[in-house]
file final-v6.cif (mmCIF, C-alpha atoms)
data_coords
loop_
_atom_site.label_atom_id
_atom_site.label_comp_id
_atom_site.auth_asym_id
_atom_site.auth_seq_id
_atom_site.Cartn_x
_atom_site.Cartn_y
_atom_site.Cartn_z
CA MET A 1 -5.30 26.52 22.46
CA ALA A 2 -8.60 28.15 23.36
CA SER A 3 -10.51 25.47 21.47
CA ARG A 4 -12.04 22.65 23.49
CA ALA A 5 -12.20 20.62 20.29
CA TYR A 6 -8.42 20.79 19.96
CA TRP A 7 -7.80 19.66 23.54
CA LEU A 8 -10.24 16.80 23.10
CA LEU A 9 -8.44 15.87 19.89
CA LEU A 10 -5.12 15.79 21.76
CA ILE A 11 -6.57 13.62 24.51
CA MET A 12 -8.05 11.11 22.07
CA ILE A 13 -5.07 10.94 19.73
CA GLY A 14 -2.90 9.24 22.33
CA PRO A 15 -5.12 6.16 22.84
CA LEU A 16 -5.83 5.99 19.09
CA VAL A 17 -2.15 5.92 18.16
CA GLY A 18 -1.32 3.69 21.11
CA HIS A 19 -3.91 1.06 20.18
CA ALA A 20 -2.69 1.04 16.57
CA PHE A 21 0.95 0.80 17.63
CA ILE A 22 0.43 -1.93 20.25
CA THR A 23 -1.66 -4.02 17.85
CA ALA A 24 0.89 -3.58 15.07
CA VAL A 25 3.84 -4.60 17.28
CA ASP A 26 1.97 -7.67 18.53
CA LEU A 27 1.07 -8.80 15.01
CA TYR A 28 4.61 -8.11 13.80
CA ALA A 29 6.03 -10.19 16.65
CA GLU A 30 3.70 -13.08 15.83
CA ALA A 31 4.76 -12.96 12.18
CA SER A 32 8.38 -12.95 13.34
CA GLY A 33 7.88 -16.19 15.28
CA ARG A 34 7.44 -14.94 18.85
CA GLY A 35 7.32 -17.73 21.42
CA GLY A 36 8.75 -20.31 19.03
CA GLY A 37 5.75 -20.14 16.72
CA PRO A 38 5.92 -20.32 12.93
CA ALA A 39 7.63 -17.31 11.38
CA ALA A 40 6.91 -15.64 8.06
CA LEU A 41 9.56 -15.32 5.39
CA ALA A 42 12.02 -12.65 6.54
CA GLN A 43 11.87 -10.80 3.21
CA GLY A 44 8.16 -10.25 3.77
CA LEU A 45 8.59 -8.49 7.11
CA SER A 46 8.81 -4.77 6.47
CA PRO A 47 8.53 -2.25 9.34
CA LEU A 48 6.83 0.15 6.92
CA ASP A 49 3.91 -2.21 6.33
CA GLY A 50 3.93 -3.89 9.73
CA VAL A 51 4.38 -0.95 12.12
CA LEU A 52 4.72 2.53 10.59
CA VAL A 53 1.67 2.53 8.31
CA PRO A 54 -0.73 1.04 10.92
CA THR A 55 0.54 3.38 13.65
CA PHE A 56 0.17 6.54 11.59
CA GLY A 57 -3.07 5.21 10.15
CA ALA A 58 -4.64 6.44 13.39
CA TYR A 59 -3.81 9.97 12.25
CA ASP A 60 -5.67 9.42 9.00
CA LEU A 61 -8.74 8.51 11.03
CA ALA A 62 -8.28 11.57 13.25
CA VAL A 63 -7.74 14.01 10.38
CA THR A 64 -10.82 12.66 8.63
CA LEU A 65 -13.30 12.63 11.52
CA LEU A 66 -11.88 14.88 14.27
CA PHE A 67 -9.51 17.51 12.90
CA PRO A 68 -12.07 19.29 10.63
CA PHE A 69 -14.00 20.42 13.71
CA VAL A 70 -10.87 22.19 14.98
CA ALA A 71 -10.31 23.91 11.64
CA ILE A 72 -13.96 24.90 11.20
CA ARG A 73 -14.00 26.62 14.57
CA LEU A 74 -11.25 29.05 13.51
CA VAL A 75 -13.64 30.68 11.04
CA SER A 76 -17.16 29.82 12.24
CA SER A 77 -16.67 31.19 15.76
CA GLU A 78 -15.49 34.53 14.35
CA LYS A 79 -18.42 34.72 11.96
CA GLU A 80 -20.98 33.90 14.64
CA SER A 81 -19.55 36.36 17.21
CA GLY A 82 -19.13 39.21 14.74
CA ALA A 83 -15.37 39.34 15.30
CA LEU A 84 -14.79 38.67 11.61
CA LYS A 85 -16.14 42.09 10.62
CA LEU A 86 -13.67 43.78 12.94
CA MET A 87 -10.77 41.60 11.79
CA LEU A 88 -11.50 42.43 8.14
CA GLN A 89 -10.87 46.08 8.97
CA ALA A 90 -7.40 45.33 10.37
CA PRO A 91 -4.41 46.57 8.32
CA THR A 92 -2.96 43.05 8.01
CA GLY A 93 -5.58 41.98 5.49
CA LEU A 94 -7.60 38.82 4.92
CA THR A 95 -4.78 37.01 3.14
CA SER A 96 -2.44 37.32 6.11
CA MET A 97 -5.23 36.29 8.49
CA LEU A 98 -5.97 33.09 6.54
CA ALA A 99 -2.26 32.33 6.13
CA ALA A 100 -1.86 32.62 9.90
CA LYS A 101 -4.77 30.25 10.43
CA GLY A 102 -3.25 27.73 8.03
CA LEU A 103 0.15 27.84 9.72
CA THR A 104 -1.53 27.55 13.12
CA LEU A 105 -3.44 24.46 12.03
CA ILE A 106 -0.25 22.82 10.76
CA ALA A 107 1.59 23.70 13.99
CA GLY A 108 -1.26 22.30 16.06
CA TRP A 109 -1.21 19.08 14.06
CA LEU A 110 2.56 18.73 14.52
CA ILE A 111 1.93 18.83 18.27
CA ALA A 112 -0.58 16.05 17.80
CA TRP A 113 2.20 14.03 16.14
CA ILE A 114 4.01 13.68 19.49
CA PRO A 115 2.38 10.29 20.29
CA GLY A 116 3.43 9.05 16.84
CA PHE A 117 7.02 10.08 17.43
CA ALA A 118 6.85 8.44 20.85
CA ALA A 119 5.77 5.22 19.13
CA LEU A 120 8.75 5.50 16.78
CA LEU A 121 11.08 5.96 19.74
CA LEU A 122 9.61 2.92 21.47
CA TRP A 123 9.98 0.88 18.28
CA LYS A 124 13.67 1.79 18.07
CA MET A 125 14.10 0.93 21.76
CA TYR A 126 12.59 -2.50 21.10
CA GLY A 127 15.27 -3.01 18.46
CA GLY A 128 13.10 -2.25 15.46
CA SER A 129 14.42 -0.93 12.16
CA VAL A 130 13.37 2.37 10.61
CA TYR A 131 14.40 3.31 7.08
CA ALA A 132 14.59 7.12 7.04
CA PRO A 133 13.45 7.74 3.40
CA GLU A 134 10.36 5.57 3.96
CA LEU A 135 9.50 7.35 7.20
CA LEU A 136 9.98 10.87 5.84
CA ASN A 137 7.93 10.02 2.77
CA LEU A 138 5.12 8.66 4.95
CA LEU A 139 5.17 11.79 7.12
CA LEU A 140 4.99 13.94 3.99
CA GLY A 141 1.90 12.05 2.87
CA HIS A 142 0.18 12.65 6.19
CA LEU A 143 1.21 16.32 6.17
CA LEU A 144 -0.35 16.77 2.73
CA ARG A 145 -3.46 15.03 4.04
CA VAL A 146 -3.68 17.65 6.81
CA ILE A 147 -3.20 20.53 4.37
CA LEU A 148 -6.01 19.18 2.18
CA SER A 149 -8.33 18.64 5.14
CA SER A 150 -7.61 22.14 6.44
CA GLY A 151 -8.40 23.73 3.09
CA VAL A 152 -11.69 21.87 2.75
CA ALA A 153 -12.75 22.70 6.33
CA ILE A 154 -11.82 26.41 6.04
CA ALA A 155 -13.67 26.74 2.73
CA ALA A 156 -16.75 25.00 4.15
CA ALA A 157 -16.71 27.23 7.24
CA ALA A 158 -16.43 30.35 5.08
CA ILE A 159 -19.34 29.44 2.81
CA ALA A 160 -21.70 27.71 5.25
CA GLY A 161 -23.86 29.68 7.65
CA GLY A 162 -22.66 27.98 10.83
CA ALA A 163 -20.31 25.41 12.26
CA ALA A 164 -22.87 22.59 12.04
CA SER A 165 -23.51 23.24 8.35
CA ALA A 166 -19.77 23.45 7.66
CA ALA A 167 -19.25 20.11 9.41
CA ILE A 168 -21.92 18.51 7.23
CA VAL A 169 -20.33 19.94 4.08
CA THR A 170 -16.90 18.67 5.11
CA LEU A 171 -18.29 15.24 5.92
CA GLY A 172 -20.08 15.24 2.57
CA PHE A 173 -16.81 15.95 0.80
CA THR A 174 -15.15 13.07 2.66
CA VAL A 175 -17.95 10.62 1.84
CA GLY A 176 -17.90 11.82 -1.77
CA THR A 177 -14.19 11.04 -2.11
CA TRP A 178 -14.80 7.61 -0.61
CA ALA A 179 -17.55 6.96 -3.18
CA LEU A 180 -15.32 8.22 -6.00
CA ASP A 181 -12.47 6.02 -4.85
CA PHE A 182 -14.81 3.01 -4.79
CA VAL A 183 -16.53 3.65 -8.12
CA ALA A 184 -13.45 4.62 -10.12
CA ALA A 185 -11.21 1.99 -8.49
CA GLY A 186 -8.12 4.21 -8.28
CA ARG A 187 -8.12 5.38 -11.91
CA GLY A 188 -8.39 8.88 -13.31
CA LEU A 189 -9.51 11.52 -10.83
CA ALA A 190 -9.88 8.91 -8.06
CA ALA A 191 -6.10 8.53 -8.04
CA TYR A 192 -5.97 11.89 -6.24
CA THR A 193 -8.59 11.32 -3.58
CA PRO A 194 -7.21 11.61 -0.01
CA THR A 195 -7.38 7.85 0.54
CA ALA A 196 -5.76 6.91 -2.78
CA ALA A 197 -3.09 9.61 -2.49
CA LEU A 198 -2.09 8.57 1.03
CA ARG A 199 -1.95 4.94 -0.09
CA VAL A 200 0.83 5.84 -2.53
CA PHE A 201 2.96 7.28 0.28
CA GLU A 202 2.19 4.26 2.44
CA GLN A 203 3.66 2.06 -0.29
CA GLY A 204 6.94 3.97 -0.15
CA GLN A 205 6.42 5.90 -3.37
CA LEU A 206 6.72 9.66 -3.92
CA ARG A 207 4.82 11.06 -6.91
CA LEU A 208 5.24 14.69 -7.89
CA SER A 209 1.71 14.89 -9.34
CA ILE A 210 0.10 13.79 -6.07
CA VAL A 211 2.16 16.32 -4.09
CA LEU A 212 1.13 19.13 -6.44
CA VAL A 213 -2.56 18.18 -6.60
CA SER A 214 -2.84 17.83 -2.82
CA MET A 215 -1.15 21.20 -2.27
CA ILE A 216 -3.36 22.89 -4.88
CA LEU A 217 -6.54 21.47 -3.35
CA GLY A 218 -5.51 22.51 0.17
CA ILE A 219 -4.40 26.02 -0.78
CA GLY A 220 -7.40 26.33 -3.08
CA GLY A 221 -9.70 25.93 -0.08
CA PHE A 222 -8.07 28.93 1.59
CA VAL A 223 -8.32 30.93 -1.66
CA LEU A 224 -12.02 30.12 -1.89
CA ALA A 225 -12.46 31.25 1.71
CA ALA A 226 -10.65 34.52 0.93
CA VAL A 227 -13.06 35.15 -1.95
CA TRP A 228 -16.19 34.39 0.08
CA LEU A 229 -15.46 35.88 3.52
CA PRO A 230 -15.41 39.66 2.84
CA THR A 231 -18.77 40.92 4.10
CA ARG A 232 -18.71 44.06 1.93
CA ARG A 233 -19.34 41.98 -1.18
CA ASN A 234 -22.84 41.03 -2.27
CA LEU A 235 -23.90 37.48 -3.07
CA ARG A 236 -23.50 37.93 -6.83
CA SER A 237 -19.94 39.19 -6.43
CA ARG A 238 -19.08 36.29 -4.15
CA LEU A 239 -20.52 33.72 -6.53
CA LEU A 240 -18.61 35.14 -9.50
CA GLY A 241 -15.42 35.23 -7.47
CA ALA A 242 -15.96 31.66 -6.27
CA ILE A 243 -16.59 30.45 -9.84
CA GLY A 244 -13.46 32.21 -11.03
CA ALA A 245 -11.41 30.69 -8.21
CA ALA A 246 -12.85 27.23 -8.99
CA VAL A 247 -11.96 27.56 -12.68
CA ALA A 248 -8.43 28.70 -11.86
CA MET A 249 -8.04 25.83 -9.40
CA GLY A 250 -9.31 23.38 -12.01
CA ILE A 251 -6.69 24.54 -14.49
CA ALA A 252 -4.00 24.33 -11.81
CA LEU A 253 -5.14 20.82 -10.87
CA TRP A 254 -4.96 19.72 -14.50
CA ALA A 255 -1.45 21.13 -14.81
CA GLY A 256 -0.43 19.57 -11.49
CA SER A 257 -1.57 16.13 -12.61
CA LEU A 258 0.64 16.16 -15.73
CA PRO A 259 4.13 15.51 -14.25
CA ARG A 260 5.06 11.84 -14.37
CA ALA A 261 8.10 12.06 -12.08
CA SER A 262 8.08 9.60 -9.17
CA TRP A 263 10.60 8.04 -6.84
CA ASP A 264 10.69 4.67 -5.12
CA LEU A 265 11.76 5.37 -1.53
CA SER A 266 10.92 1.93 -0.16
CA GLU A 267 13.75 -0.10 1.33
CA ASN A 268 12.70 -3.29 -0.46
CA ARG A 269 12.20 -1.56 -3.86
CA ARG A 270 8.63 -2.78 -4.03
CA ASN A 271 7.71 -0.11 -6.58
CA SER A 272 10.54 -0.92 -8.97
CA PHE A 273 11.70 -3.69 -11.23
CA SER A 274 15.19 -5.05 -10.72
CA PRO A 275 17.99 -2.71 -11.86
CA TYR A 276 18.72 -5.04 -14.78
CA ALA A 277 15.11 -5.06 -15.95
CA GLU A 278 14.84 -1.29 -15.60
CA ALA A 279 18.01 -0.77 -17.64
CA ALA A 280 16.57 -2.95 -20.41
CA LEU A 281 13.11 -1.35 -20.40
CA ARG A 282 14.53 2.17 -20.58
CA GLY A 283 15.58 1.27 -24.11
CA ILE A 284 11.92 1.49 -25.18
CA SER A 285 11.65 4.80 -27.05
CA HIS A 286 8.21 4.43 -28.66
CA PRO A 287 4.83 4.86 -26.90
CA LEU A 288 3.63 1.71 -25.15
CA ARG A 289 -0.14 1.21 -25.10
CA VAL A 290 -1.72 -1.26 -22.72
CA THR A 291 -5.36 -2.28 -23.05
CA VAL A 292 -6.70 -4.11 -20.01
CA PHE A 293 -9.87 -6.23 -20.15
CA LEU A 294 -10.20 -6.74 -16.41
CA ALA A 295 -12.94 -5.42 -14.13
CA ALA A 296 -12.22 -3.06 -11.25
CA GLU A 297 -12.97 -5.68 -8.59
CA ASP A 298 -10.95 -8.44 -10.25
CA PRO A 299 -7.93 -9.34 -8.07
CA ARG A 300 -5.88 -9.82 -11.23
CA LEU A 301 -6.28 -6.12 -12.04
CA MET A 302 -5.00 -5.20 -8.57
CA ASP A 303 -1.97 -7.45 -9.13
CA LEU A 304 -1.38 -5.97 -12.56
CA ASP A 305 -1.61 -2.38 -11.31
CA ARG A 306 0.65 -3.00 -8.32
CA SER A 307 3.30 -5.28 -9.80
CA ILE A 308 3.45 -4.10 -13.43
CA LEU A 309 1.66 -0.88 -14.42
CA SER A 310 2.71 1.27 -11.47
CA LYS A 311 6.35 0.32 -12.08
CA LEU A 312 6.10 0.94 -15.81
CA ARG A 313 4.68 4.42 -15.17
CA ARG A 314 7.86 5.31 -13.32
CA LEU A 315 10.03 4.15 -16.22
CA LEU A 316 8.20 4.99 -19.43
CA PRO A 317 7.01 8.58 -19.97
CA GLN A 318 4.95 7.46 -22.97
CA LEU A 319 2.85 4.77 -21.30
CA TYR A 320 -0.87 4.84 -22.05
CA VAL A 321 -3.22 2.48 -20.23
CA GLU A 322 -6.84 1.89 -21.24
CA TYR A 323 -9.25 -0.05 -19.01
CA SER A 324 -11.80 -1.57 -21.36
CA ALA A 325 -13.92 -3.88 -19.18
CA HIS A 326 -17.63 -3.03 -19.29
CA SER A 327 -18.69 -4.16 -15.82
CA ARG A 328 -17.30 -3.60 -12.36
CA SER A 329 -17.17 -7.22 -11.21
CA GLY A 330 -16.50 -8.97 -14.51
CA LEU A 331 -19.23 -11.53 -13.85
CA PHE A 332 -21.38 -10.48 -16.79
CA GLU A 333 -18.77 -9.90 -19.45
CA GLY A 334 -19.63 -11.56 -22.72
CA ALA A 335 -17.55 -14.36 -24.20
CA GLY A 336 -16.58 -12.13 -27.14
CA ASP A 337 -15.46 -9.18 -25.01
CA HIS A 338 -11.88 -10.45 -24.57
CA TYR A 339 -12.31 -10.48 -20.81
CA GLY A 340 -9.12 -11.42 -18.98
CA GLU A 341 -6.85 -10.32 -21.81
CA VAL A 342 -4.15 -7.68 -21.56
CA TRP A 343 -2.93 -6.29 -24.89
CA TYR A 344 0.43 -4.59 -25.28
CA GLU A 345 1.07 -2.45 -28.38
CA LEU A 346 4.44 -0.95 -29.32
CA ASP A 347 5.57 0.54 -32.64
CA GLY A 348 2.79 -1.21 -34.60
CA ARG A 349 3.34 -4.59 -32.96
CA LYS A 350 0.71 -6.11 -30.65
CA VAL A 351 0.79 -9.04 -28.30
CA MET A 352 -1.72 -10.44 -25.83
CA SER A 353 -1.14 -12.01 -22.44
CA ARG A 354 -3.45 -13.21 -19.69
CA SER A 355 -0.77 -13.28 -17.04
CA THR A 356 -0.38 -10.58 -14.38
CA THR A 357 2.82 -11.95 -12.83
CA GLU A 358 5.99 -9.90 -13.21
CA PRO A 359 8.33 -12.49 -14.85
CA VAL A 360 5.81 -13.46 -17.53
CA VAL A 361 4.85 -9.86 -18.35
CA LEU A 362 8.49 -8.80 -18.49
CA ASP A 363 9.28 -11.59 -20.96
CA THR A 364 6.31 -10.42 -23.04
CA LEU A 365 7.61 -6.85 -23.06
CA TYR A 366 11.13 -7.97 -23.96
CA LYS A 367 9.83 -9.86 -26.98
CA LEU A 368 7.50 -7.04 -28.01
CA ALA A 369 10.28 -4.44 -27.79
CA GLN A 370 12.78 -6.87 -29.34
CA ILE A 371 15.04 -6.50 -26.32
CA THR A 372 17.40 -9.21 -25.16
CA ARG A 373 16.34 -10.56 -21.80
CA PRO A 374 18.83 -9.53 -19.08
CA ALA A 375 21.02 -12.46 -18.10
CA GLN A 376 21.74 -11.16 -14.60
CA SER A 377 19.83 -12.36 -11.59
CA GLU A 378 16.66 -10.39 -10.82
CA GLY A 379 16.29 -11.48 -7.24
CA ASN A 380 15.39 -9.16 -4.39
CA ASP A 381 18.23 -8.64 -1.93
CA TYR A 382 16.00 -7.14 0.76
CA PRO A 383 16.82 -9.06 3.97
CA GLY A 384 13.67 -8.23 5.91
CA HIS A 385 13.56 -7.12 9.54
CA PRO A 386 11.90 -9.75 11.76
CA LEU A 387 11.49 -8.69 15.39
CA ALA A 388 9.61 -10.66 18.05
CA ALA A 389 9.25 -7.81 20.56
CA ASP A 390 6.57 -7.05 23.14
CA PRO A 391 5.11 -3.50 23.33
CA THR A 392 6.56 -2.99 26.80
CA GLY A 393 5.53 0.28 28.42
CA ALA A 394 3.35 1.40 25.52
CA PRO A 395 -0.04 0.97 27.30
CA TRP A 396 1.14 3.09 30.24
CA ILE A 397 2.31 5.87 27.94
CA PHE A 398 -0.58 6.05 25.49
CA TYR A 399 -3.52 5.05 27.70
CA GLY A 400 -2.38 6.70 30.92
CA LEU A 401 0.45 9.23 30.79
CA TRP A 402 -0.57 11.07 27.62
CA PRO A 403 -4.27 11.66 28.47
CA ILE A 404 -3.36 12.71 32.03
CA LEU A 405 -0.68 15.10 30.78
CA ILE A 406 -2.98 16.75 28.26
CA ALA A 407 -5.84 17.01 30.76
CA LEU A 408 -3.44 18.63 33.26
CA LEU A 409 -2.20 21.15 30.70
CA TRP A 410 -5.80 21.94 29.74
CA TRP A 411 -6.70 22.51 33.39
CA LEU A 412 -3.66 24.73 33.96
CA LYS A 413 -4.55 26.77 30.90
CA ASP A 414 -8.07 27.36 32.24
CA VAL A 415 -6.74 28.23 35.70
CA LYS A 416 -4.31 30.75 34.22
CA LYS A 417 -7.09 32.25 32.12
CA SER A 418 -9.38 32.66 35.15
CA LEU A 419 -6.60 34.39 37.10
#
call {"tool": "encode", "arguments": {"input": "final-v6.cif", "output": "structure tokens"}}
result
Amino acid sequence: MASRAYWLLLIMIGPLVGHAFITAVDLYAEASGRGGGPAALAQGLSPLDGVLVPTFGAYDLAVTLLFPFVAIRLVSSEKESGALKLMLQAPTGLTSMLAAKGLTLIAGWLIAWIPGFAALLLWKMYGGSVYAPELLNLLLGHLLRVILSSGVAIAAAAIAGGAASAAIVTLGFTVGTWALDFVAAGRGLAAYTPTAALRVFEQGQLRLSIVLVSMILGIGGFVLAAVWLPTRRNLRSRLLGAIGAAVAMGIALWAGSLPRASWDLSENRRNSFSPYAEAALRGISHPLRVTVFLAAEDPRLMDLDRSILSKLRRLLPQLYVEYSAHSRSGLFEGAGDHYGEVWYELDGRKVMSRSTTEPVVLDTLYKLAQITRPAQSEGNDYPGHPLAADPTGAPWIFYGLWPILIALLWWLKDVKKSL
């Protein structure tokens, strides 16, 4: 509460969330046919995609560009003032001190969530629908994002000489994850970048591996800070300790990425096949190998990953996917490179398909696995939640009431401190 950066963050978070929420409600109302206009198909109107994800997307922006400055100050200010040397002599110990800082950062971020909860309350007052598992899963994703950001900022503040250097290091880490996410196109290590990990929660899916990796990275930042901060150690001792901590964290990250457990918490079951198809596919007991000859920027690969491969990963523990395209765009693939083909191999049998649509691929898998195609209907019973509502009262709350309230509390805090 003594940090100006935190108060400025609180002031700015209200308009950020408010703008995202108001825009999302307006667009959702237009898609629902507000004013007698054309309406989208009801099954395509999901509050998760239309309102919740855009509203809380403002927090992703804040935790990426604003929150690290709050976290860095907790360590850099103590190093620069010399208070850290006195605190290291306290009987509580460095571990307790860093744990307190981590809990304080989480508590401070939960306070910053108040505008988001206000948006949810307004949405319910407008008559909007909120599916609790989707919402809780989304909040978990954003909480893990905060833990990761806190760990990176604390580690940077511990290692760097000052707050400015720590901010540059943190920004470099963020830009590096963006570049990795772009280059690797969501495969391999890039599946655990902050952006890619949060995207999974935004789609209504909970993956154990992403939870573990995010927690390990966030806590690992605090461990690295604990190794580097003690001033009684020389540079060589700090470097060896940091290398040891990095190796241990690497092993933990590898182990955390192994679990395949995941749950589809979306109301419309977007991450799952129909119950009948899932029951049939669970009969596959042999490893299924998929070789994809599609480039990272090919829209067909995005369709295949979203509608087929991500669902198969939830069902088949022995699914192995190989991306064999040589270029990123697919424009310069040779005629003999099988570009556009997707090969499925199971128990010595192989079949090729160029389709990325769910019904065609499912039929291919049924034939490959010698499974009888389910006779039951595979339709989606999700009704959709159209709502042509206006964001009444939202501008007054987010653009006026919230900034004024925070500024008043800030002023009262300073007045009390001066007295």
call {"tool": "closest_residue", "arguments": {"input": "final-v6.cif", "among": "A:Phe173, A:Glu78, A:Thr95, A:Leu401", "to": "Val227 of chain A", "atoms": "only C-alpha atoms"}}
result
A:Thr95
call {"tool": "resolve_selection", "arguments": {"input": "final-v6.cif", "expression": "the PyMOL selection byres ((chain A and resi 112) around 9)", "output": "VMD selection string"}}
result
chain A and resid 9 to 10 13 to 14 59 107 to 111 113 to 116
call {"tool": "atom_distance", "arguments": {"input": "final-v6.cif", "atom1": "atom CA of Pro317 of chain A", "atom2": "atom CA of Ser262 of chain A"}}
result
10.9 Å
call {"tool": "closest_residue", "arguments": {"input": "final-v6.cif", "among": "A:Tyr344, A:Phe201, A:Tyr126, A:Phe222", "to": "Ile147 of chain A", "atoms": "all atoms listed in the file"}}
result
A:Phe222
call {"tool": "residues_around", "arguments": {"input": "final-v6.cif", "residues": "segment 242-257 of chain A", "least_positions_apart": "3", "cutoff": "7 Å", "atoms": "only C-alpha atoms", "output": "list of chain:residue names"}}
result
A:Ser209, A:Leu212, A:Val213, A:Ile216, A:Gly220, A:Leu224, A:Val227, A:Trp228, A:Arg238, A:Leu239
